[in-house]
Amino acid sequence: MTNFRIVASGKWIIFIIAAITCGAVNYYQHSVTYTDIAPQTGQNMNCKTELVGNFDVFSVYVTDGRIAEMAKEKLCSDQTIKRQFGEVNIIIGQSDYDTFRYINHGVVDLALVKSNVVDAFGADQIYGLTKIASHPNYSAFFIALRERPELSKEYLLGKRIGLLDYPSSRSGHIVPKTVMQDLGLSDNNVDIVYFSSHQELRRALLAGDVDIISSYWAEEDKERFSRNYATPLLESVSGMQWFLKMQTQNTDLFCAMQSVVHDIAMSHPRPYYKTITLEEGCN
């Protein structure tokens, strides 16, 4: 009887081991391997200057990859930067968290953002962020492909609406959201899809991924869209502005950065950026 119990116990142990082994094999056969998710924080571009032994870093914050590339090229070859700094670090913002992190904490020396961001954080008074150049304000529109959008709850219900989700353009998506809230609409009865740039918004509209986009109206838009199908939302949305940290009277840097941002504006392919106004203070 004792031998029978030992044999029976041994069979149960073998059964349990086999079950665990099969379960483990089945898990690994059907498990999905996930790649690491890149952190949604600012990307960096760096370059060293010729000033050996100087560890001061000139930090720049932008949200446009093309502008970041041009800024790196021009800043790393600028003579004033070479005389005053040992390195240039350009941050490409990816989210509102980045804007808060770099502007609110006064991390950067040069930034391309909207004035409402600087005003909200008080960065002009705390860190001396001073406007050196500005791009124009623009009008916001609801743009559709085959009909003129109506600003009514009945029309917008169930529509797929493309908005700009970009740290430097926060008021760009606040405007249409405010309009929709006034009409009694929310994320529950409209399908809001976020994109990282105005170009992505236009591609999504042309591809039929969304029914309406909220954006500005550019002269080149008439080649792909009808002005008759653009409904005004707001006459004046705050434009992009360049700010320089001026905690000292560094006039050479002020003038050099105005020259750099002007060159970037003239080289940018988008007509919006080509229109730039420089602040007074540099002869």
# chains A, B, ... in the order shown; residues from 1 in each chain; ligands from 1

call {"tool": "residues_around", "arguments": {"residues": "His268 (chain A)", "least_positions_apart": "6", "cutoff": "12 Å", "atoms": "only C-alpha atoms", "output": "mmCIF file with all heavy atoms, in the first residue's frame"}}
result
data_model
loop_
_atom_site.group_PDB
_atom_site.id
_atom_site.type_symbol
_atom_site.label_atom_id
_atom_site.label_comp_id
_atom_site.auth_asym_id
_atom_site.auth_seq_id
_atom_site.Cartn_x
_atom_site.Cartn_y
_atom_site.Cartn_z
ATOM 1 N N ASP A 64 10.331 72.337 -34.516
ATOM 2 C CA ASP A 64 10.336 72.022 -35.943
ATOM 3 C C ASP A 64 11.697 71.427 -36.293
ATOM 4 O O ASP A 64 12.729 72.073 -36.116
ATOM 5 C CB ASP A 64 10.062 73.296 -36.747
ATOM 6 C CG ASP A 64 9.959 73.038 -38.246
ATOM 7 O OD1 ASP A 64 10.956 72.585 -38.845
ATOM 8 O OD2 ASP A 64 8.893 73.298 -38.828
ATOM 9 N N GLY A 65 11.694 70.193 -36.791
ATOM 10 C CA GLY A 65 12.940 69.514 -37.103
ATOM 11 C C GLY A 65 13.767 70.224 -38.151
ATOM 12 O O GLY A 65 15.001 70.263 -38.071
ATOM 13 N N ARG A 66 13.099 70.806 -39.152
ATOM 14 C CA ARG A 66 13.822 71.515 -40.213
ATOM 15 C C ARG A 66 14.523 72.750 -39.657
ATOM 16 O O ARG A 66 15.678 73.045 -39.988
ATOM 17 C CB ARG A 66 12.844 71.905 -41.324
ATOM 18 C CG ARG A 66 13.493 72.575 -42.533
ATOM 19 C CD ARG A 66 14.415 71.618 -43.254
ATOM 20 N NE ARG A 66 14.995 72.209 -44.430
ATOM 21 C CZ ARG A 66 14.425 72.192 -45.642
ATOM 22 N NH1 ARG A 66 13.258 71.607 -45.805
ATOM 23 N NH2 ARG A 66 15.031 72.745 -46.671
ATOM 24 N N ILE A 67 13.830 73.466 -38.783
ATOM 25 C CA ILE A 67 14.433 74.646 -38.162
ATOM 26 C C ILE A 67 15.607 74.233 -37.280
ATOM 27 O O ILE A 67 16.637 74.911 -37.230
ATOM 28 C CB ILE A 67 13.383 75.424 -37.341
ATOM 29 C CG1 ILE A 67 12.387 76.093 -38.297
ATOM 30 C CG2 ILE A 67 14.038 76.473 -36.451
ATOM 31 C CD1 ILE A 67 11.292 76.867 -37.614
ATOM 32 N N ALA A 68 15.476 73.107 -36.590
ATOM 33 C CA ALA A 68 16.568 72.611 -35.736
ATOM 34 C C ALA A 68 17.821 72.339 -36.558
ATOM 35 O O ALA A 68 18.935 72.694 -36.149
ATOM 36 C CB ALA A 68 16.125 71.345 -35.005
ATOM 37 N N GLU A 69 17.658 71.719 -37.721
ATOM 38 C CA GLU A 69 18.807 71.422 -38.577
ATOM 39 C C GLU A 69 19.481 72.700 -39.064
ATOM 40 O O GLU A 69 20.712 72.810 -39.061
ATOM 41 C CB GLU A 69 18.357 70.578 -39.769
ATOM 42 C CG GLU A 69 17.895 69.174 -39.389
ATOM 43 C CD GLU A 69 17.316 68.417 -40.560
ATOM 44 O OE1 GLU A 69 17.257 69.009 -41.677
ATOM 45 O OE2 GLU A 69 16.926 67.257 -40.383
ATOM 46 N N MET A 70 18.674 73.676 -39.487
ATOM 47 C CA MET A 70 19.234 74.936 -39.956
ATOM 48 C C MET A 70 19.895 75.701 -38.815
ATOM 49 O O MET A 70 20.951 76.333 -38.990
ATOM 50 C CB MET A 70 18.146 75.782 -40.618
ATOM 51 C CG MET A 70 17.654 75.220 -41.951
ATOM 52 S SD MET A 70 16.548 76.364 -42.850
ATOM 53 C CE MET A 70 15.074 76.263 -41.834
ATOM 54 N N ALA A 71 19.277 75.644 -37.623
ATOM 55 C CA ALA A 71 19.843 76.333 -36.472
ATOM 56 C C ALA A 71 21.197 75.739 -36.097
ATOM 57 O O ALA A 71 22.141 76.472 -35.773
ATOM 58 C CB ALA A 71 18.878 76.242 -35.285
ATOM 59 N N VAL A 261 18.454 83.953 -36.829
ATOM 60 C CA VAL A 261 17.036 83.619 -37.020
ATOM 61 C C VAL A 261 16.500 84.215 -38.324
ATOM 62 O O VAL A 261 15.602 83.641 -38.958
ATOM 63 C CB VAL A 261 16.184 84.072 -35.809
ATOM 64 C CG1 VAL A 261 16.666 83.400 -34.535
ATOM 65 C CG2 VAL A 261 16.167 85.578 -35.646
ATOM 66 N N HIS A 262 17.068 85.358 -38.730
ATOM 67 C CA HIS A 262 16.665 85.937 -40.012
ATOM 68 C C HIS A 262 17.107 85.043 -41.159
ATOM 69 O O HIS A 262 16.349 84.806 -42.117
ATOM 70 C CB HIS A 262 17.250 87.343 -40.166
ATOM 71 C CG HIS A 262 16.835 88.030 -41.431
ATOM 72 N ND1 HIS A 262 17.569 87.927 -42.612
ATOM 73 C CD2 HIS A 262 15.756 88.794 -41.731
ATOM 74 C CE1 HIS A 262 16.961 88.610 -43.560
ATOM 75 N NE2 HIS A 262 15.861 89.151 -43.058
ATOM 76 N N LYS A 274 9.082 82.848 -43.718
ATOM 77 C CA LYS A 274 9.864 83.853 -44.453
ATOM 78 C C LYS A 274 9.472 85.278 -44.038
ATOM 79 O O LYS A 274 10.218 86.223 -44.277
ATOM 80 C CB LYS A 274 9.695 83.666 -45.962
ATOM 81 C CG LYS A 274 10.337 82.381 -46.490
ATOM 82 C CD LYS A 274 10.200 82.288 -47.991
ATOM 83 C CE LYS A 274 10.774 80.982 -48.520
ATOM 84 N NZ LYS A 274 12.223 80.853 -48.244
ATOM 85 N N THR A 275 8.290 85.421 -43.467
ATOM 86 C CA THR A 275 7.867 86.741 -42.989
ATOM 87 C C THR A 275 8.275 86.869 -41.527
ATOM 88 O O THR A 275 7.747 86.201 -40.640
ATOM 89 C CB THR A 275 6.333 86.904 -43.099
ATOM 90 O OG1 THR A 275 5.933 86.667 -44.461
ATOM 91 C CG2 THR A 275 5.897 88.294 -42.674
ATOM 92 N N ILE A 276 9.245 87.737 -41.269
ATOM 93 C CA ILE A 276 9.793 87.867 -39.925
ATOM 94 C C ILE A 276 10.078 89.333 -39.623
ATOM 95 O O ILE A 276 10.514 90.085 -40.498
ATOM 96 C CB ILE A 276 11.072 87.007 -39.757
ATOM 97 C CG1 ILE A 276 11.552 87.014 -38.303
ATOM 98 C CG2 ILE A 276 12.182 87.472 -40.704
ATOM 99 C CD1 ILE A 276 12.655 86.015 -38.028
#

call {"tool": "select_by_dssp", "arguments": {"residues": "region 64-209 of chain A", "states": "alpha helix (DSSP H)", "output": "ChimeraX atom specification"}}
result
/A:65-75,79-84,96-99,115-121,123-127,153-156,170-182,198-207

call {"tool": "residues_around", "arguments": {"residues": "Gly281 (chain A)", "least_positions_apart": "4", "cutoff": "12 Å", "atoms": "only C-alpha atoms", "output": "ChimeraX atom specification"}}
result
/A:130-133,249-258

call {"tool": "residues_around", "arguments": {"residues": "region 147-158 of chain A", "least_positions_apart": "2", "cutoff": "8 Å", "atoms": "only C-alpha atoms", "output": "VMD selection string"}}
result
chain A and resid 142 to 145 160 180 183 to 185 189 to 191 212 228 to 231

call {"tool": "atom_distance", "arguments": {"atom1": "CA of Lys48 (chain A)", "atom2": "CA of Asp109 (chain A)"}}
result
16.3 Å
